[in-house]
file query-v3.txt (compact mmCIF, C-alpha atoms)
# COMPACT_ATOMS: atom_id res chain seq x y z
CA MET A 1 54.99 45.03 -57.02
CA THR A 2 54.42 42.43 -54.31
CA LEU A 3 51.56 41.16 -56.50
CA VAL A 4 54.00 40.80 -59.37
CA ALA A 5 56.45 38.99 -57.10
CA GLY A 6 53.68 36.46 -56.45
CA LEU A 7 53.01 36.14 -60.19
CA ARG A 8 56.73 35.74 -60.86
CA ALA A 9 56.93 32.95 -58.28
CA ALA A 10 54.18 31.10 -60.13
CA ALA A 11 55.78 31.79 -63.50
CA TYR A 12 59.19 30.58 -62.26
CA GLY A 13 57.63 27.47 -60.77
CA VAL A 14 58.76 28.19 -57.20
CA PRO A 15 56.62 28.57 -54.04
CA PHE A 16 57.68 32.12 -53.23
CA GLN A 17 59.61 35.05 -54.63
CA PRO A 18 61.96 37.43 -52.80
CA VAL A 19 61.13 41.10 -53.31
CA GLY A 20 63.01 44.30 -52.56
CA GLY A 21 61.61 46.69 -49.96
CA VAL A 22 58.39 46.24 -47.90
CA HIS A 23 60.38 46.96 -44.70
CA GLY A 24 58.40 49.18 -42.34
CA SER A 25 55.05 48.62 -44.09
CA ASP A 26 51.95 47.40 -42.22
CA LEU A 27 51.11 45.42 -45.38
CA ALA A 28 53.57 42.69 -44.30
CA ALA A 29 51.72 41.81 -41.08
CA LEU A 30 48.32 42.29 -42.73
CA ASN A 31 49.14 39.78 -45.47
CA GLY A 32 51.27 37.46 -43.34
CA TRP A 33 54.36 37.98 -45.52
CA GLN A 34 57.46 36.32 -44.11
CA LYS A 35 60.95 37.75 -43.99
CA ILE A 36 63.97 35.47 -44.39
CA ARG A 37 67.67 35.98 -43.75
CA ASP A 38 69.88 35.72 -46.86
CA PRO A 39 71.14 32.11 -46.66
CA TYR A 40 74.33 33.20 -48.45
CA GLY A 41 75.49 35.39 -45.60
CA SER A 42 74.94 39.01 -46.67
CA GLY A 43 73.07 39.56 -43.42
CA LYS A 44 70.15 41.11 -45.29
CA ASP A 45 66.55 40.25 -44.47
CA VAL A 46 64.36 39.85 -47.53
CA TYR A 47 60.57 39.58 -47.75
CA VAL A 48 59.25 36.58 -49.67
CA ILE A 49 55.84 36.65 -51.35
CA PRO A 50 53.87 33.42 -51.88
CA ALA A 51 53.14 32.33 -55.44
CA ILE A 52 49.98 33.64 -57.09
CA SER A 53 48.68 31.55 -59.97
CA PRO A 54 45.48 33.02 -61.42
CA ASP A 55 43.03 30.45 -62.74
CA ILE A 56 42.52 32.57 -65.84
CA ALA A 57 44.33 35.57 -67.30
CA VAL A 58 42.54 37.68 -69.90
CA ILE A 59 44.59 40.18 -71.88
CA HIS A 60 43.66 42.52 -74.70
CA ALA A 61 46.07 42.57 -77.65
CA ASN A 62 46.43 44.63 -80.80
CA GLU A 63 46.60 41.62 -83.12
CA VAL A 64 46.00 37.89 -82.90
CA ASP A 65 46.27 35.09 -85.46
CA GLU A 66 44.21 31.91 -85.75
CA GLN A 67 46.71 30.05 -83.55
CA GLY A 68 46.30 32.58 -80.72
CA ASN A 69 49.68 34.26 -81.15
CA ALA A 70 49.10 37.74 -79.74
CA ARG A 71 50.97 40.95 -80.51
CA VAL A 72 50.84 43.87 -78.10
CA LEU A 73 52.11 47.28 -79.17
CA GLY A 74 53.28 49.88 -76.68
CA SER A 75 54.02 49.18 -73.03
CA PRO A 76 53.05 45.62 -72.01
CA PHE A 77 52.44 46.64 -68.37
CA TRP A 78 51.99 43.30 -66.53
CA ASP A 79 50.92 41.13 -69.48
CA HIS A 80 54.15 39.12 -69.51
CA PRO A 81 54.25 37.81 -65.91
CA LEU A 82 50.46 37.54 -65.86
CA THR A 83 50.27 35.26 -68.91
CA ARG A 84 53.12 33.10 -67.61
CA ALA A 85 51.67 32.77 -64.09
CA ALA A 86 48.07 31.93 -65.05
CA LYS A 87 46.78 28.40 -65.49
CA ARG A 88 44.71 29.41 -68.53
CA VAL A 89 45.14 32.39 -70.89
CA LEU A 90 42.40 34.04 -72.93
CA VAL A 91 43.09 36.75 -75.48
CA THR A 92 40.86 39.43 -76.95
CA ALA A 93 42.32 41.43 -79.82
CA GLU A 94 41.56 44.42 -81.97
CA ARG A 95 41.97 42.46 -85.18
CA LEU A 96 42.76 39.10 -86.73
CA VAL A 97 45.98 38.97 -88.75
CA SER A 98 47.88 36.31 -90.68
CA SER A 99 50.45 34.14 -88.97
CA GLU A 100 52.95 35.29 -91.60
CA SER A 101 52.62 38.92 -90.51
CA LEU A 102 53.37 37.96 -86.89
CA ALA A 103 56.26 35.75 -87.99
CA ALA A 104 57.79 38.72 -89.79
CA ARG A 105 58.40 40.40 -86.40
CA PRO A 106 58.30 37.58 -83.82
CA GLU A 107 59.82 39.80 -81.10
CA LEU A 108 56.55 41.75 -81.01
CA THR A 109 54.51 38.66 -80.07
CA LEU A 110 53.85 38.89 -76.35
CA VAL A 111 52.11 35.52 -75.93
CA PRO A 112 52.77 32.56 -78.21
CA GLY A 113 49.67 30.68 -79.29
CA PHE A 114 50.57 27.45 -77.51
CA LEU A 115 49.95 29.22 -74.17
CA VAL A 116 46.56 30.58 -75.32
CA GLU A 117 43.41 28.57 -74.82
CA ALA A 118 41.01 30.81 -76.76
CA ALA A 119 40.96 34.14 -78.53
CA ALA A 120 38.24 36.51 -79.67
CA VAL A 121 38.38 39.41 -82.09
CA VAL A 122 36.90 42.36 -80.21
CA PRO A 123 37.46 45.73 -81.88
CA ARG A 124 37.49 48.56 -79.31
CA GLY A 125 37.62 45.86 -76.64
CA ALA A 126 39.63 48.03 -74.26
CA TRP A 127 36.94 50.75 -74.23
CA PRO A 128 36.50 52.90 -72.18
CA GLY A 129 40.21 52.37 -71.55
CA SER A 130 42.84 53.19 -74.14
CA MET A 131 44.51 50.96 -76.72
CA HIS A 132 47.79 52.29 -77.98
CA PRO A 133 48.08 53.50 -80.72
CA LEU A 134 44.46 53.11 -81.86
CA TYR A 135 42.38 55.05 -79.34
CA GLU A 136 42.64 57.02 -76.13
CA VAL A 137 40.78 56.82 -72.83
CA ASP A 138 37.11 57.81 -73.16
CA TYR A 139 36.87 59.94 -70.02
CA PRO A 140 33.16 60.86 -70.40
CA ALA A 141 32.29 57.15 -70.63
CA VAL A 142 34.29 56.40 -67.47
CA GLU A 143 32.58 59.24 -65.63
CA SER A 144 29.11 58.13 -66.71
CA TYR A 145 29.48 54.52 -65.60
CA LEU A 146 30.86 55.66 -62.26
CA ARG A 147 27.77 57.75 -61.61
CA ASP A 148 25.97 56.54 -58.51
CA GLU A 149 22.53 56.34 -60.07
CA PRO A 150 20.23 53.52 -61.22
CA GLY A 151 20.97 52.19 -64.69
CA ALA A 152 24.42 53.81 -65.07
CA LEU A 153 26.29 50.52 -65.32
CA GLU A 154 23.59 48.92 -67.48
CA ALA A 155 23.75 51.83 -69.92
CA HIS A 156 27.53 51.49 -70.06
CA LEU A 157 27.34 47.78 -70.82
CA ALA A 158 24.65 48.36 -73.46
CA ALA A 159 26.87 50.84 -75.34
CA ALA A 160 28.87 47.88 -76.78
CA PRO A 161 31.14 49.85 -79.12
CA GLU A 162 32.74 46.62 -80.31
CA LEU A 163 29.49 45.81 -82.14
CA GLN A 164 29.23 49.14 -83.93
CA MET B 1 54.00 87.46 -58.79
CA ASP B 2 52.19 85.33 -56.24
CA TRP B 3 52.38 81.58 -55.97
CA THR B 4 49.21 79.63 -56.59
CA PRO B 5 48.61 76.26 -54.89
CA PHE B 6 49.26 74.62 -58.27
CA SER B 7 52.47 76.46 -59.08
CA HIS B 8 53.87 76.06 -55.56
CA ILE B 9 53.45 72.30 -55.75
CA VAL B 10 54.64 71.69 -59.31
CA VAL B 11 57.63 74.05 -59.23
CA ASN B 12 58.83 72.88 -55.82
CA LEU B 13 58.50 69.24 -56.89
CA ALA B 14 60.59 70.08 -59.96
CA ARG B 15 63.22 71.72 -57.75
CA GLN B 16 63.79 68.37 -55.99
CA ILE B 17 65.34 66.94 -59.17
CA ARG B 18 69.15 67.07 -59.26
CA PRO B 19 71.52 67.01 -62.24
CA GLY B 20 72.30 63.57 -63.58
CA GLU B 21 69.55 61.79 -61.69
CA ILE B 22 67.14 59.16 -62.88
CA ALA B 23 63.69 60.43 -61.82
CA PHE B 24 60.36 58.58 -62.01
CA SER B 25 56.68 59.53 -61.89
CA GLY B 26 53.94 56.92 -61.38
CA VAL B 27 50.18 56.43 -61.67
CA ASN B 28 47.72 59.04 -60.46
CA SER B 29 50.61 61.51 -60.20
CA THR B 30 49.71 64.29 -62.61
CA LEU B 31 51.45 67.01 -60.59
CA ALA B 32 54.67 64.99 -60.40
CA MET B 33 54.46 64.28 -64.14
CA LEU B 34 54.11 68.02 -64.76
CA ALA B 35 57.06 68.69 -62.44
CA CYS B 36 59.33 66.34 -64.40
CA LEU B 37 58.24 67.86 -67.71
CA LEU B 38 58.70 71.36 -66.25
CA ALA B 39 62.25 70.54 -65.12
CA LYS B 40 63.04 69.38 -68.65
CA ARG B 41 61.92 72.73 -70.03
CA ALA B 42 63.11 75.11 -67.31
CA TYR B 43 66.47 73.73 -66.18
CA ASP B 44 69.66 73.38 -68.21
CA PHE B 45 71.02 70.26 -66.53
CA HIS B 46 70.41 66.75 -67.78
CA PHE B 47 68.41 64.15 -65.90
CA THR B 48 66.68 60.99 -67.10
CA TYR B 49 62.90 61.01 -66.86
CA LEU B 50 61.10 57.67 -66.65
CA ASN B 51 57.38 57.18 -66.13
CA VAL B 52 54.86 54.46 -65.41
CA ALA B 53 53.63 54.42 -69.03
CA GLY B 54 57.03 53.01 -69.95
CA GLY B 55 58.38 56.28 -71.34
CA VAL B 56 62.11 57.01 -71.36
CA GLU B 57 62.88 60.69 -71.89
CA PRO B 58 59.50 61.18 -73.60
CA VAL B 59 58.65 64.23 -75.65
CA PRO B 60 54.86 64.18 -75.43
CA GLU B 61 53.06 66.02 -78.20
CA LYS B 62 50.22 66.83 -75.84
CA ILE B 63 50.14 66.80 -72.04
CA PRO B 64 47.74 64.09 -70.89
CA GLN B 65 45.38 64.33 -67.91
CA SER B 66 46.56 60.95 -66.69
CA SER B 67 50.17 60.35 -65.66
CA SER B 68 49.95 56.81 -67.05
CA ASP B 69 48.70 57.84 -70.51
CA PRO B 70 50.47 56.28 -73.51
CA ALA B 71 51.14 59.87 -74.65
CA LEU B 72 53.99 59.72 -72.13
CA VAL B 73 55.80 57.24 -74.36
CA ALA B 74 55.80 59.56 -77.39
CA GLY B 75 59.34 60.24 -78.56
CA SER B 76 60.84 57.55 -76.30
CA PRO B 77 63.73 55.63 -77.85
CA ALA B 78 62.76 52.65 -75.67
CA ILE B 79 59.89 51.32 -73.63
CA PHE B 80 61.01 50.70 -70.05
CA GLY B 81 57.85 49.19 -68.64
CA ASN B 82 56.54 48.18 -65.26
CA GLU B 83 58.75 45.18 -64.67
CA ASP B 84 61.83 47.16 -65.67
CA PHE B 85 61.38 50.29 -63.60
CA TYR B 86 60.30 48.46 -60.46
CA ASP B 87 63.35 46.22 -60.74
CA LEU B 88 65.55 49.25 -61.41
CA CYS B 89 64.23 50.77 -58.19
CA ALA B 90 64.68 47.56 -56.20
CA ARG B 91 68.33 47.34 -57.21
CA GLY B 92 68.93 50.89 -56.04
CA ARG B 93 69.23 52.71 -59.37
CA LEU B 94 66.22 55.05 -59.17
CA ASP B 95 67.54 58.27 -57.67
CA LEU B 96 64.24 60.09 -57.21
CA VAL B 97 60.74 58.64 -57.11
CA PHE B 98 57.60 60.76 -56.82
CA LEU B 99 55.01 58.80 -54.82
CA GLY B 100 51.57 60.12 -53.93
CA CYS B 101 49.88 59.65 -50.58
CA ALA B 102 46.67 60.26 -48.67
CA GLN B 103 48.42 60.85 -45.35
CA VAL B 104 52.04 61.49 -44.39
CA ASP B 105 53.43 61.55 -40.86
CA GLY B 106 56.31 63.46 -39.28
CA LEU B 107 58.66 60.50 -39.82
CA GLY B 108 57.96 60.64 -43.55
CA ARG B 109 55.90 57.48 -43.74
CA THR B 110 52.78 57.37 -45.94
CA ASN B 111 49.31 55.88 -45.99
CA VAL B 112 47.65 55.07 -49.30
CA SER B 113 45.60 52.14 -47.97
CA VAL B 114 42.76 53.08 -45.64
CA ILE B 115 41.25 55.86 -43.53
CA GLY B 116 39.98 54.39 -40.28
CA ASP B 117 40.45 50.79 -39.21
CA TRP B 118 41.44 48.26 -41.87
CA ASN B 119 38.53 45.98 -41.01
CA ASN B 120 36.01 48.76 -40.56
CA PRO B 121 37.19 51.53 -42.87
CA LYS B 122 35.82 55.01 -43.21
CA VAL B 123 37.41 55.21 -46.66
CA ARG B 124 39.07 52.37 -48.53
CA LEU B 125 41.92 53.87 -50.57
CA PRO B 126 43.35 52.46 -53.81
CA GLY B 127 46.57 51.11 -52.30
CA GLY B 128 50.20 51.91 -52.73
CA GLY B 129 50.81 50.74 -56.29
CA GLY B 130 54.26 49.55 -55.34
CA ALA B 131 54.98 52.23 -52.74
CA ALA B 132 55.90 49.64 -50.08
CA VAL B 133 58.60 48.35 -52.40
CA MET B 134 59.75 51.66 -53.83
CA MET B 135 59.95 53.81 -50.71
CA PRO B 136 62.62 51.72 -48.95
CA THR B 137 64.61 51.05 -52.14
CA ALA B 138 64.57 54.36 -54.05
CA ARG B 139 67.45 56.66 -53.17
CA ARG B 140 65.00 59.49 -52.43
CA VAL B 141 61.22 59.72 -52.46
CA VAL B 142 59.22 62.92 -52.65
CA THR B 143 55.48 63.24 -52.01
CA TRP B 144 52.94 66.06 -52.22
CA ARG B 145 49.44 66.94 -51.10
CA THR B 146 47.07 69.52 -52.58
CA GLU B 147 45.32 69.65 -49.20
CA HIS B 148 47.54 70.87 -46.38
CA SER B 149 45.59 70.04 -43.25
CA PRO B 150 45.83 68.11 -39.98
CA ARG B 151 43.98 65.20 -41.60
CA THR B 152 46.55 64.82 -44.40
CA LEU B 153 49.76 65.78 -42.56
CA VAL B 154 49.22 63.71 -39.45
CA GLU B 155 50.97 62.83 -36.20
CA LYS B 156 49.74 59.22 -36.47
CA LEU B 157 48.88 57.38 -39.69
CA ASP B 158 45.76 55.23 -39.86
CA PHE B 159 47.90 52.64 -41.67
CA VAL B 160 51.57 52.53 -42.68
CA THR B 161 51.58 51.64 -46.37
CA ALA B 162 55.18 52.62 -47.01
CA ALA B 163 58.22 53.69 -45.00
CA GLY B 164 61.81 54.40 -45.88
CA ASN B 165 63.54 57.04 -47.93
CA LEU B 166 60.92 59.77 -48.11
CA GLN B 167 62.93 62.98 -48.28
CA ALA B 168 60.49 65.80 -48.98
CA VAL B 169 56.82 66.80 -48.86
CA VAL B 170 55.47 69.65 -51.00
CA THR B 171 52.09 71.35 -50.43
CA PRO B 172 50.50 74.62 -51.57
CA ILE B 173 51.98 76.39 -48.56
CA ALA B 174 55.09 74.50 -47.50
CA VAL B 175 58.12 72.42 -48.40
CA PHE B 176 59.29 69.94 -45.75
CA GLN B 177 62.64 68.15 -45.93
CA LYS B 178 63.68 65.25 -43.75
CA ARG B 179 66.34 66.23 -41.23
CA ASP B 180 67.63 63.85 -38.55
CA GLY B 181 64.85 61.39 -39.29
CA ARG B 182 61.92 63.82 -39.13
CA LEU B 183 60.28 66.18 -41.56
CA ALA B 184 61.40 69.76 -40.92
CA LEU B 185 60.06 72.92 -42.53
CA GLU B 186 62.47 74.01 -45.25
CA SER B 187 60.40 76.79 -46.77
CA ARG B 188 56.92 78.23 -46.71
CA ASN B 189 54.87 80.02 -49.29
CA PRO B 190 55.64 83.69 -48.48
CA GLN B 191 51.93 84.49 -48.71
CA VAL B 192 51.36 82.33 -45.60
CA ALA B 193 52.60 82.94 -42.06
CA LEU B 194 54.55 80.32 -40.13
CA ALA B 195 51.72 80.19 -37.60
CA GLU B 196 49.30 79.11 -40.30
CA VAL B 197 51.64 76.33 -41.49
CA THR B 198 51.89 75.13 -37.89
CA ARG B 199 48.12 75.29 -37.37
CA ARG B 200 47.41 73.34 -40.54
CA THR B 201 50.05 70.64 -39.91
CA GLY B 202 49.11 67.63 -37.76
CA PHE B 203 52.66 66.56 -36.95
CA ARG B 204 55.10 68.63 -34.93
CA PHE B 205 58.09 69.85 -36.89
CA ASP B 206 61.30 71.85 -36.56
CA SER B 207 61.02 75.20 -38.31
CA SER B 208 64.47 76.53 -37.50
CA GLY B 209 66.15 77.83 -40.62
CA ALA B 210 62.89 77.86 -42.56
CA ARG B 211 62.72 80.64 -45.13
CA PRO B 212 60.20 81.89 -47.65
CA THR B 213 60.08 79.73 -50.78
CA ALA B 214 62.38 81.27 -53.40
CA PRO B 215 60.33 83.13 -56.02
CA ILE B 216 59.30 81.38 -59.20
CA THR B 217 61.78 82.16 -61.98
CA ALA B 218 60.85 83.44 -65.41
CA ARG B 219 61.85 80.11 -66.97
CA GLU B 220 59.81 78.10 -64.45
CA ARG B 221 56.82 80.33 -65.10
CA ALA B 222 57.18 80.02 -68.87
CA ALA B 223 57.56 76.23 -68.67
CA LEU B 224 54.50 75.94 -66.46
CA ALA B 225 52.45 78.08 -68.82
CA SER B 226 53.55 75.96 -71.80
CA LEU B 227 52.46 72.77 -69.99
CA ASP B 228 49.08 74.17 -68.97
CA PRO B 229 48.14 76.75 -71.62
CA SER B 230 44.40 76.51 -70.97
CA GLY B 231 44.76 76.43 -67.19
CA GLU B 232 42.89 73.12 -66.78
CA PHE B 233 45.52 71.57 -64.50
CA GLU B 234 45.60 74.73 -62.41
CA ALA B 235 41.79 74.69 -62.16
CA ALA B 236 41.79 71.03 -61.07
CA VAL B 237 44.01 71.86 -58.07
CA ARG B 238 41.88 74.86 -57.14
CA ALA B 239 38.81 72.65 -57.14

call {"tool": "encode", "arguments": {"input": "query-v3.txt", "output": "structure tokens"}}
result
Amino acid sequence: MTLVAGLRAAAYGVPFQPVGGVHGSDLAALNGWQKIRDPYGSGKDVYVIPAISPDIAVIHANEVDEQGNARVLGSPFWDHPLTRAAKRVLVTAERLVSSESLAARPELTLVPGFLVEAAAVVPRGAWPGSMHPLYEVDYPAVESYLRDEPGALEAHLAAAPELQ
Amino acid sequence: MDWTPFSHIVVNLARQIRPGEIAFSGVNSTLAMLACLLAKRAYDFHFTYLNVAGGVEPVPEKIPQSSSDPALVAGSPAIFGNEDFYDLCARGRLDLVFLGCAQVDGLGRTNVSVIGDWNNPKVRLPGGGGAAVMMPTARRVVTWRTEHSPRTLVEKLDFVTAAGNLQAVVTPIAVFQKRDGRLALESRNPQVALAEVTRRTGFRFDSSGARPTAPITARERAALASLDPSGEFEAAVRA
């Protein structure tokens, strides 16, 4: 959540973002996070997290059109602050759709195309992770690439389900 | 019927939920997810169940292995995603948050960051996933450990990831509740003697008033069986 506070600061165009909590955590000293007194007199001390602006954000979407408008179904997790905080946004998507179909339900578009630098159509691009509602986590694939043995990662990369 | 490590944790986590509350389970928290789903099936009172997948009062068709699986959105009338539930917590509206830990100390602080020194770790842990923000701002936090030992329930944490409103710790053999700022033994698995709880706990604790954990009820047992018909979750805790 402190990470998201940093992303929000960048998205809001301010140098830092107040965040609830953090009191009593060693993470504050470790990361050099500062605590400031509420300037409006509540007497509360609030941690402020410096802005984090990623050079590039890459998100995987369900649908994208030729202008880069990207629709994400299901929970967006951190896609919204991430795509607003990053300097450049790249999209991969399960399939290419018409702009008309996105315009029919504009509230489902998570990133408008004017924020997107490039997009690629990559079916099964979230594998071995899940993509709601199309496919679930592939647990055997996760377990095999985590195996501490020569060639495990190479074999995982070579599987390339998006090409099948 | 005897408690198992699995049933003692899940049922006693479920018993922390109070009528009318908003309760939340996060990532890598399968036992807490099962506890929330068990409470829905075994108890008559209403509470609101939110989870890290964005589910609001979900009615999952199947019980996923992962507590962040999109299956935990099935049946939800809304998606209340990461930004929403963290903000809800920060503004003091999450009544009960289940947060995992690697270590917990007698003051009810947790470590999810590192075993050993930060700069020269024995084990680098995955991090709090928002615990540092949620533990001071949630009304109550409950944690659990499948391993009840002096290296998990410690007098001194290797690192303080989160501190604040931790109220209870549930293990296969004990339930601790915070009393006067320290964790005190509330109940113990009746199959285990108090001396064994003391021997396996790294922090000192008050055991006055501790009693055997109340037996599992028929409804709790039935709900647990319906959530784990093949026994795979139970087997994972045993392992």

call {"tool": "atom_distance", "arguments": {"input": "query-v3.txt", "atom1": "atom CA of Val121 of chain A", "atom2": "atom CA of Asp69 of chain B"}}
result
24.1 Å

call {"tool": "residues_around", "arguments": {"input": "query-v3.txt", "residues": "Ala85 of chain A", "least_positions_apart": "6", "cutoff": "6 Å", "atoms": "only C-alpha atoms", "output": "list in words"}}
result
Leu7, Ala10, Ala11 and Ser53 of chain A

call {"tool": "closest_residue", "arguments": {"input": "query-v3.txt", "among": "B:Gly130, B:Gly100, B:Pro5, B:Gly209", "to": "chain A", "atoms": "all atoms listed in the file"}}
result
B:Gly130

call {"tool": "interface_residues", "arguments": {"input": "query-v3.txt", "of": "chain B", "to": "chain A", "cutoff": "8 Å", "atoms": "only C-alpha atoms", "output": "PyMOL selection string"}}
result
chain B and resi 53-54+70+79-83+86+90-91+129-130+132-137+159-164

call {"tool": "residues_around", "arguments": {"input": "query-v3.txt", "residues": "Asn12 of chain B", "least_positions_apart": "5", "cutoff": "12 Å", "atoms": "all atoms listed in the file", "output": "PDB file with C-alpha atoms, keeping the file's coordinate frame"}}
result
ATOM      1  CA  TRP B   3      52.380  81.580 -55.970  1.00  0.00           C
ATOM      2  CA  THR B   4      49.210  79.630 -56.590  1.00  0.00           C
ATOM      3  CA  PRO B   5      48.610  76.260 -54.890  1.00  0.00           C
ATOM      4  CA  PHE B   6      49.260  74.620 -58.270  1.00  0.00           C
ATOM      5  CA  SER B   7      52.470  76.460 -59.080  1.00  0.00           C
ATOM      6  CA  ILE B  17      65.340  66.940 -59.170  1.00  0.00           C
ATOM      7  CA  LEU B  31      51.450  67.010 -60.590  1.00  0.00           C
ATOM      8  CA  ALA B  32      54.670  64.990 -60.400  1.00  0.00           C
ATOM      9  CA  LEU B  34      54.110  68.020 -64.760  1.00  0.00           C
ATOM     10  CA  ALA B  35      57.060  68.690 -62.440  1.00  0.00           C
ATOM     11  CA  CYS B  36      59.330  66.340 -64.400  1.00  0.00           C
ATOM     12  CA  LEU B  38      58.700  71.360 -66.250  1.00  0.00           C
ATOM     13  CA  ALA B  39      62.250  70.540 -65.120  1.00  0.00           C
ATOM     14  CA  VAL B 142      59.220  62.920 -52.650  1.00  0.00           C
ATOM     15  CA  THR B 143      55.480  63.240 -52.010  1.00  0.00           C
ATOM     16  CA  TRP B 144      52.940  66.060 -52.220  1.00  0.00           C
ATOM     17  CA  ALA B 168      60.490  65.800 -48.980  1.00  0.00           C
ATOM     18  CA  VAL B 169      56.820  66.800 -48.860  1.00  0.00           C
ATOM     19  CA  VAL B 170      55.470  69.650 -51.000  1.00  0.00           C
ATOM     20  CA  THR B 171      52.090  71.350 -50.430  1.00  0.00           C
ATOM     21  CA  PRO B 172      50.500  74.620 -51.570  1.00  0.00           C
ATOM     22  CA  ILE B 173      51.980  76.390 -48.560  1.00  0.00           C
ATOM     23  CA  ALA B 174      55.090  74.500 -47.500  1.00  0.00           C
ATOM     24  CA  VAL B 175      58.120  72.420 -48.400  1.00  0.00           C
ATOM     25  CA  PHE B 176      59.290  69.940 -45.750  1.00  0.00           C
ATOM     26  CA  GLN B 177      62.640  68.150 -45.930  1.00  0.00           C
ATOM     27  CA  GLU B 186      62.470  74.010 -45.250  1.00  0.00           C
ATOM     28  CA  SER B 187      60.400  76.790 -46.770  1.00  0.00           C
ATOM     29  CA  ARG B 188      56.920  78.230 -46.710  1.00  0.00           C
ATOM     30  CA  ASN B 189      54.870  80.020 -49.290  1.00  0.00           C
ATOM     31  CA  THR B 213      60.080  79.730 -50.780  1.00  0.00           C
ATOM     32  CA  ALA B 214      62.380  81.270 -53.400  1.00  0.00           C
ATOM     33  CA  PRO B 215      60.330  83.130 -56.020  1.00  0.00           C
ATOM     34  CA  ILE B 216      59.300  81.380 -59.200  1.00  0.00           C
ATOM     35  CA  THR B 217      61.780  82.160 -61.980  1.00  0.00           C
ATOM     36  CA  GLU B 220      59.810  78.100 -64.450  1.00  0.00           C
ATOM     37  CA  LEU B 224      54.500  75.940 -66.460  1.00  0.00           C
TER      38      LEU B 224
END

call {"tool": "residues_around", "arguments": {"input": "query-v3.txt", "residues": "Ile36 of chain A", "least_positions_apart": "3", "cutoff": "12 Å", "atoms": "only C-alpha atoms", "output": "ChimeraX atom specification"}}
result
/A:16-19,33,39-49

call {"tool": "build_atoms", "arguments": {"input": "query-v3.txt", "residues": "segment 83-96 of chain A", "atoms": "N, CA and C atoms", "output": "mmCIF file, in the coordinates of the input"}}
result
data_model
loop_
_atom_site.group_PDB
_atom_site.id
_atom_site.type_symbol
_atom_site.label_atom_id
_atom_site.label_comp_id
_atom_site.auth_asym_id
_atom_site.auth_seq_id
_atom_site.Cartn_x
_atom_site.Cartn_y
_atom_site.Cartn_z
ATOM 1 N N THR A 83 50.581 36.374 -68.004
ATOM 2 C CA THR A 83 50.270 35.260 -68.910
ATOM 3 C C THR A 83 51.145 34.052 -68.634
ATOM 4 N N ARG A 84 52.279 34.252 -67.964
ATOM 5 C CA ARG A 84 53.120 33.100 -67.610
ATOM 6 C C ARG A 84 52.685 32.482 -66.282
ATOM 7 N N ALA A 85 52.068 33.277 -65.412
ATOM 8 C CA ALA A 85 51.670 32.770 -64.090
ATOM 9 C C ALA A 85 50.321 32.066 -64.114
ATOM 10 N N ALA A 86 49.451 32.438 -65.067
ATOM 11 C CA ALA A 86 48.070 31.930 -65.050
ATOM 12 C C ALA A 86 47.994 30.488 -65.552
ATOM 13 N N LYS A 87 46.990 29.780 -65.047
ATOM 14 C CA LYS A 87 46.780 28.400 -65.490
ATOM 15 C C LYS A 87 46.180 28.369 -66.890
ATOM 16 N N ARG A 88 45.335 29.338 -67.199
ATOM 17 C CA ARG A 88 44.710 29.410 -68.530
ATOM 18 C C ARG A 88 44.805 30.856 -69.014
ATOM 19 N N VAL A 89 45.011 31.048 -70.313
ATOM 20 C CA VAL A 89 45.140 32.390 -70.890
ATOM 21 C C VAL A 89 44.117 32.574 -71.993
ATOM 22 N N LEU A 90 43.354 33.661 -71.886
ATOM 23 C CA LEU A 90 42.400 34.040 -72.930
ATOM 24 C C LEU A 90 42.841 35.379 -73.507
ATOM 25 N N VAL A 91 42.670 35.533 -74.810
ATOM 26 C CA VAL A 91 43.090 36.750 -75.480
ATOM 27 C C VAL A 91 41.889 37.369 -76.203
ATOM 28 N N THR A 92 41.721 38.676 -76.043
ATOM 29 C CA THR A 92 40.860 39.430 -76.950
ATOM 30 C C THR A 92 41.800 40.333 -77.747
ATOM 31 N N ALA A 93 41.418 40.637 -78.983
ATOM 32 C CA ALA A 93 42.320 41.430 -79.820
ATOM 33 C C ALA A 93 41.531 42.361 -80.726
ATOM 34 N N GLU A 94 42.195 43.433 -81.099
ATOM 35 C CA GLU A 94 41.560 44.420 -81.970
ATOM 36 C C GLU A 94 41.286 43.852 -83.358
ATOM 37 N N ARG A 95 42.217 43.010 -83.843
ATOM 38 C CA ARG A 95 41.970 42.460 -85.180
ATOM 39 C C ARG A 95 42.707 41.151 -85.391
ATOM 40 N N LEU A 96 42.182 40.378 -86.338
ATOM 41 C CA LEU A 96 42.760 39.100 -86.730
ATOM 42 C C LEU A 96 43.777 39.371 -87.852
#
